[in-house]
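**Student:** First, the structure itself, so that you have it in front of you.
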Amino acid sequence: MTPQTVAALPDVEHPCELLSPVSRATMQDLREDALDAFLKKARRAEPKLRDLPRDELFHTLNLKAEDRPTLLAMLLFGIWPQAYFPCLHVCATAFPGREVGELGFAGERFTDTERIEGTIEEMLFRAMGFVGRNTRRATIFDDRGRRTDRYEFPAVAVRAALLTALAHRDYGFRGERLPIDLQIFCDRLVVRCPGGPVRGLVRNPMLLKTLAWLGATDAQADGEEVIRRSLAAAGMP
C-alpha cells in the first residue's frame, strides 16, 4: 500500500512549478473564505508574518506571483483546480479480482470508479470515502456486548498513503500530465503517484509546510513510517 513510483518518470525535483503563476487564472479563482482562514493560521504559526499586509503575505507564502495565483495556491484553495490542470486528479478504481482486466462473476471489469477532483484536501477526503465504500468492514462484539469495527485496511495507513501521494507527487511539466492512481483489488490496495517520493529529499517543501499549517499533516511525519506502524499494529504485513 506504499505509494509506488511510476517507472516512466525519473525522480527529478521541480521546485519552481508549484511556485509559478498559473496563466489565465486570477485571484478570484481562489476560495476567499478558505484563504482567509489559512492566513490567520499562518500568522499565528509564524510571528514574522503577523504584521505583513495581506498582499505582501500572499507573495511571502508563495500564493501569488505576477498578480496571479500560483499552482500551490490553486491546489490548496482553488475553486476548481482541474479547470487549469485537468490531469491533477485521483483516478480511483475498484476491481473485482487480483489484477486489472480480471473479470468478476457477472463479467464486470470493475465494480466502482470515480474521477476525484478538487483541492488536495478535498481529493483526500473523497478518496478516503471511495476506499471506505469499496473495502470490507467486520463488526465484532466482545463478551460485554461492546462493538468494534475492524476495517480491511487501517484508515490511518490509507490516509497516510493518499496524503503522501498528493503531497510528494511530481507537479512538474511531465508529472502534471498524469493523475494519481488509486486501485482497490480483492487482496490489496495500491496508490501510485507520478514521480513518487524521493528518498532523502523533500520534493515539495512549501506544499508540505502549508499543509502542516492547515492541519492536514504533521510537517515532521514520515508517511511510509506511519503506514508501516499502522499495518503492524493491525497485524498486517
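Ordering of the C-alpha cells sets the chain letters (A, B, ...); residue numbers start at 1 within each chain; ligands are numbered from 1 in the order shown.
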Write out as a count of residues only the residues lying within 8 Å of Arg98 in chain A, counting only C-alpha atoms and excluding same-chain residues fewer than 6 positions away.
**Tutor:** 4
**Student:** Can you tell me, as a ChimeraX atom specification, which residues in chain A count as strand (DSSP E or B) by DSSP?
**Tutor:** /A:4-5,21,30,64-65,68-70,78,90-94,112-116,137-141,147-151,180-184,189-193
**Student:** Kindly export the residues of the current selection with N, CA and C atoms, as a CSV table (one decimal), in the first residue's frame.
**Tutor:**
```
chain,number,residue,atom,x,y,z
A,4,GLN,N,3.8,4.0,-5.0
A,4,GLN,CA,4.9,3.5,-5.8
A,4,GLN,C,5.2,4.5,-6.9
A,5,THR,N,6.5,4.4,-7.4
A,5,THR,CA,7.0,5.3,-8.4
A,5,THR,C,6.5,4.8,-9.8
A,21,PRO,N,3.2,31.3,-11.4
A,21,PRO,CA,1.9,31.7,-11.6
A,21,PRO,C,1.1,30.9,-12.6
A,30,LEU,N,-9.7,31.7,-6.4
A,30,LEU,CA,-9.4,31.1,-5.1
A,30,LEU,C,-10.6,31.3,-4.2
A,64,LYS,N,1.0,33.9,-4.5
A,64,LYS,CA,0.7,34.8,-5.6
A,64,LYS,C,2.1,35.2,-6.3
A,65,ALA,N,2.1,35.3,-7.6
A,65,ALA,CA,3.2,35.7,-8.4
A,65,ALA,C,2.8,36.4,-9.6
A,68,ARG,N,-1.0,36.8,-10.2
A,68,ARG,CA,-1.8,35.6,-10.4
A,68,ARG,C,-1.5,34.6,-9.3
A,69,PRO,N,-2.5,33.7,-9.1
A,69,PRO,CA,-2.3,32.7,-8.1
A,69,PRO,C,-1.3,31.7,-8.6
A,70,THR,N,-0.5,31.2,-7.7
A,70,THR,CA,0.5,30.1,-8.1
A,70,THR,C,-0.2,28.8,-8.1
A,78,GLY,N,-8.1,26.6,-4.6
A,78,GLY,CA,-8.8,26.9,-5.8
A,78,GLY,C,-10.2,26.4,-5.8
A,90,VAL,N,-7.3,12.3,-8.9
A,90,VAL,CA,-7.1,11.0,-8.5
A,90,VAL,C,-8.0,10.1,-9.3
A,91,CYS,N,-7.5,9.1,-10.0
A,91,CYS,CA,-8.2,8.1,-10.8
A,91,CYS,C,-8.4,6.9,-9.9
A,92,ALA,N,-9.6,6.8,-9.3
A,92,ALA,CA,-9.9,5.7,-8.4
A,92,ALA,C,-10.7,4.6,-9.0
A,93,THR,N,-10.3,3.3,-8.9
A,93,THR,CA,-11.0,2.2,-9.5
A,93,THR,C,-10.9,1.0,-8.5
A,94,ALA,N,-12.1,0.4,-8.4
A,94,ALA,CA,-12.2,-0.9,-7.6
A,94,ALA,C,-12.4,-2.0,-8.6
A,112,ASP,N,-16.4,-0.3,-9.2
A,112,ASP,CA,-16.6,1.1,-8.9
A,112,ASP,C,-15.5,2.0,-9.5
A,113,THR,N,-15.8,3.1,-10.0
A,113,THR,CA,-14.8,4.0,-10.5
A,113,THR,C,-15.2,5.5,-10.3
A,114,GLU,N,-14.2,6.3,-10.0
A,114,GLU,CA,-14.5,7.7,-9.8
A,114,GLU,C,-13.3,8.6,-10.2
A,115,ARG,N,-13.6,9.7,-10.8
A,115,ARG,CA,-12.6,10.7,-11.1
A,115,ARG,C,-12.7,11.7,-10.0
A,116,ILE,N,-11.7,11.8,-9.1
A,116,ILE,CA,-11.7,12.6,-7.9
A,116,ILE,C,-11.0,13.9,-8.1
A,137,ARG,N,-15.6,-4.3,6.0
A,137,ARG,CA,-15.6,-3.9,7.4
A,137,ARG,C,-16.2,-5.0,8.2
A,138,ALA,N,-15.5,-5.5,9.2
A,138,ALA,CA,-16.0,-6.5,10.1
A,138,ALA,C,-16.5,-5.9,11.4
A,139,THR,N,-17.7,-6.3,11.9
A,139,THR,CA,-18.2,-5.8,13.1
A,139,THR,C,-18.0,-6.9,14.2
A,140,ILE,N,-17.4,-6.6,15.3
A,140,ILE,CA,-17.1,-7.6,16.3
A,140,ILE,C,-17.6,-7.1,17.6
A,141,PHE,N,-18.3,-8.0,18.3
A,141,PHE,CA,-18.8,-7.7,19.7
A,141,PHE,C,-18.1,-8.5,20.7
A,147,ARG,N,-19.2,-3.0,20.8
A,147,ARG,CA,-19.0,-3.2,19.3
A,147,ARG,C,-17.7,-2.6,18.9
A,148,THR,N,-16.9,-3.3,18.0
A,148,THR,CA,-15.7,-2.8,17.4
A,148,THR,C,-15.8,-3.1,15.9
A,149,ASP,N,-15.5,-2.0,15.1
A,149,ASP,CA,-15.4,-2.2,13.7
A,149,ASP,C,-14.0,-2.4,13.3
A,150,ARG,N,-13.7,-3.4,12.6
A,150,ARG,CA,-12.3,-3.7,12.1
A,150,ARG,C,-12.4,-3.6,10.5
A,151,TYR,N,-11.6,-2.6,10.0
A,151,TYR,CA,-11.6,-2.4,8.6
A,151,TYR,C,-10.5,-3.2,7.9
A,180,ILE,N,-3.0,10.6,-10.1
A,180,ILE,CA,-2.6,9.6,-9.1
A,180,ILE,C,-3.6,8.5,-9.3
A,181,ASP,N,-3.1,7.3,-9.3
A,181,ASP,CA,-3.9,6.1,-9.4
A,181,ASP,C,-4.2,5.5,-8.0
A,182,LEU,N,-5.5,5.3,-7.7
A,182,LEU,CA,-5.9,4.6,-6.5
A,182,LEU,C,-6.6,3.3,-7.0
A,183,GLN,N,-6.1,2.2,-6.7
A,183,GLN,CA,-6.6,0.9,-7.2
A,183,GLN,C,-6.9,0.0,-6.0
A,184,ILE,N,-8.1,-0.5,-6.0
A,184,ILE,CA,-8.5,-1.5,-5.0
A,184,ILE,C,-8.8,-2.8,-5.6
A,189,LEU,N,-4.6,-2.9,-1.7
A,189,LEU,CA,-4.9,-1.5,-2.2
A,189,LEU,C,-3.6,-0.9,-2.7
A,190,VAL,N,-3.6,-0.3,-3.8
A,190,VAL,CA,-2.4,0.3,-4.4
A,190,VAL,C,-2.6,1.8,-4.7
A,191,VAL,N,-1.6,2.6,-4.3
A,191,VAL,CA,-1.6,4.0,-4.7
A,191,VAL,C,-0.3,4.3,-5.4
A,192,ARG,N,-0.5,4.8,-6.6
A,192,ARG,CA,0.7,5.2,-7.5
A,192,ARG,C,0.6,6.7,-7.8
A,193,CYS,N,1.7,7.4,-7.7
A,193,CYS,CA,1.8,8.8,-8.0
A,193,CYS,C,2.9,9.1,-8.9
```
**Student:** Calculated over only C-alpha atoms, which of the candidates A:Leu124, A:Gln82, A:Ile227, A:Phe153 has the smallest distance to Arg136 in chain A?
**Tutor:**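 Among the listed residues, the smallest separation from Arg136 in chain A belongs to A:Phe153.
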**Student:** DSSP on the backbone, alpha helix (DSSP H) only: what residues of range 13-221 of chain A does that give? Format it as JSON, numbers by chain.
**Tutor:** {"A": [32, 33, 34, 35, 36, 37, 38, 39, 40, 41, 42, 43, 44, 45, 54, 55, 56, 57, 58, 59, 60, 71, 72, 73, 74, 75, 76, 77, 120, 121, 122, 123, 124, 125, 126, 127, 128, 129, 130, 131, 132, 133, 155, 156, 157, 158, 159, 160, 161, 162, 163, 164, 165, 166, 167, 168, 205, 206, 207, 208, 209, 210, 211, 212, 213, 214]}
**Student:** Go ahead and compute the interatomic distance for CA of Ala234 in chain A and CA of Val202 in chain A, in Å to one decimal.
**Tutor:**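 Going from CA of Ala234 in chain A over to CA of Val202 in chain A covers 28.5 Å.
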**Student:** By how many Å are CA of Ala165 in chain A and CA of Met236 in chain A apart?
**Tutor:**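 Atom-to-atom, CA of Ala165 in chain A and CA of Met236 in chain A are spaced 21.1 Å apart.
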**Student:** From the set A:Ala233, A:Ala83, A:Leu103, A:Leu88, which residue has the shortest atom-to-atom contact distance to Tyr171 in chain A, counting only C-alpha atoms?
**Tutor:**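 Among the listed residues, the smallest separation from Tyr171 in chain A belongs to A:Leu88.
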**Student:** Quote the spacing between CA of Gly172 in chain A and CA of Met128 in chain A in Å to one decimal place.
**Tutor:**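 Distance reported for this atom pair: 25.4 Å.
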**Student:** For range 175-177 of chain A, list every protein, DNA or RNA residue within 8 Å, evaluated using only C-alpha atoms, and leave out those in the same chain fewer than 2 positions away; present the list as an MDAnalysis selection string.
**Tutor:** chainID A and resid 9 85 87:88 169:173 179 194:195
**Student:** Would you save the residues of that selection, restricted to N, CA, C and O atoms, as a short mmCIF file (atom, residue, chain, number, x, y, z; two decimals), in the first residue's frame?
**Tutor:**
```
data_model
loop_
_atom_site.label_atom_id
_atom_site.label_comp_id
_atom_site.auth_asym_id
_atom_site.auth_seq_id
_atom_site.Cartn_x
_atom_site.Cartn_y
_atom_site.Cartn_z
N LEU A 9 8.77 7.81 -15.23
CA LEU A 9 9.16 9.15 -14.83
C LEU A 9 10.39 9.10 -13.94
O LEU A 9 10.45 8.33 -12.99
N PHE A 85 -5.67 22.45 -14.67
CA PHE A 85 -4.78 21.29 -14.67
C PHE A 85 -5.64 20.03 -14.60
O PHE A 85 -5.79 19.41 -13.54
N CYS A 87 -5.31 16.99 -15.39
CA CYS A 87 -4.72 15.70 -15.03
C CYS A 87 -4.33 15.60 -13.56
O CYS A 87 -3.94 14.53 -13.09
N LEU A 88 -4.41 16.71 -12.83
CA LEU A 88 -4.05 16.68 -11.41
C LEU A 88 -5.26 16.22 -10.59
O LEU A 88 -5.84 16.98 -9.82
N ARG A 169 3.91 13.99 -4.97
CA ARG A 169 3.91 13.69 -6.40
C ARG A 169 4.68 14.75 -7.17
O ARG A 169 4.96 15.84 -6.68
N ASP A 170 5.03 14.42 -8.40
CA ASP A 170 5.74 15.35 -9.27
C ASP A 170 4.72 16.32 -9.88
O ASP A 170 3.83 15.91 -10.63
N TYR A 171 4.85 17.59 -9.54
CA TYR A 171 3.99 18.62 -10.12
C TYR A 171 4.70 19.36 -11.24
O TYR A 171 4.28 20.46 -11.62
N GLY A 172 5.76 18.77 -11.77
CA GLY A 172 6.50 19.39 -12.86
C GLY A 172 5.80 19.19 -14.19
O GLY A 172 4.69 18.66 -14.29
N PHE A 173 6.49 19.58 -15.26
CA PHE A 173 5.90 19.57 -16.60
C PHE A 173 5.43 18.18 -17.00
O PHE A 173 4.35 18.02 -17.55
N PRO A 179 -2.42 11.49 -13.62
CA PRO A 179 -3.13 11.52 -12.34
C PRO A 179 -2.49 10.58 -11.33
O PRO A 179 -1.59 9.80 -11.66
N PRO A 194 2.75 10.03 -9.83
CA PRO A 194 3.83 10.41 -10.75
C PRO A 194 5.07 10.88 -9.99
O PRO A 194 5.00 11.78 -9.17
N GLY A 195 6.18 10.26 -10.28
CA GLY A 195 7.43 10.65 -9.63
C GLY A 195 7.68 9.94 -8.33
O GLY A 195 8.78 9.47 -8.08
#
```
**Student:** At a cut-off of 9 Å, can you tabulate as JSON lines every residue of range 58-91 of chain A near range 31-46 of chain A together with its closest atom pair and the distance in Å to one decimal, using only C-alpha atoms and ordering rows by chain then number?
**Tutor:**
```
{"residue": "A:Phe58", "atom": "CA", "partner": "A:Leu39", "partner_atom": "CA", "distance": 8.7}
{"residue": "A:Leu61", "atom": "CA", "partner": "A:Ala42", "partner_atom": "CA", "distance": 8.9}
{"residue": "A:Ala73", "atom": "CA", "partner": "A:Leu35", "partner_atom": "CA", "distance": 8.8}
{"residue": "A:Leu76", "atom": "CA", "partner": "A:Leu35", "partner_atom": "CA", "distance": 8.8}
{"residue": "A:Phe77", "atom": "CA", "partner": "A:Arg31", "partner_atom": "CA", "distance": 5.6}
{"residue": "A:Gly78", "atom": "CA", "partner": "A:Arg31", "partner_atom": "CA", "distance": 6.0}
{"residue": "A:Ile79", "atom": "CA", "partner": "A:Arg31", "partner_atom": "CA", "distance": 5.7}
```
**Student:** For the residues in that selection, give me C-alpha atoms as a PDB file, in the first residue's frame.
**Tutor:**
```
ATOM      1  CA  PHE A  58       0.409  36.330  -0.457  1.00  0.00           C
ATOM      2  CA  LEU A  61       3.743  32.496   1.308  1.00  0.00           C
ATOM      3  CA  ALA A  73      -2.476  28.355  -4.189  1.00  0.00           C
ATOM      4  CA  LEU A  76      -4.900  24.301  -1.817  1.00  0.00           C
ATOM      5  CA  PHE A  77      -7.545  26.996  -2.224  1.00  0.00           C
ATOM      6  CA  GLY A  78      -8.753  26.858  -5.824  1.00  0.00           C
ATOM      7  CA  ILE A  79     -12.460  26.760  -6.605  1.00  0.00           C
TER       8      ILE A  79
END
```
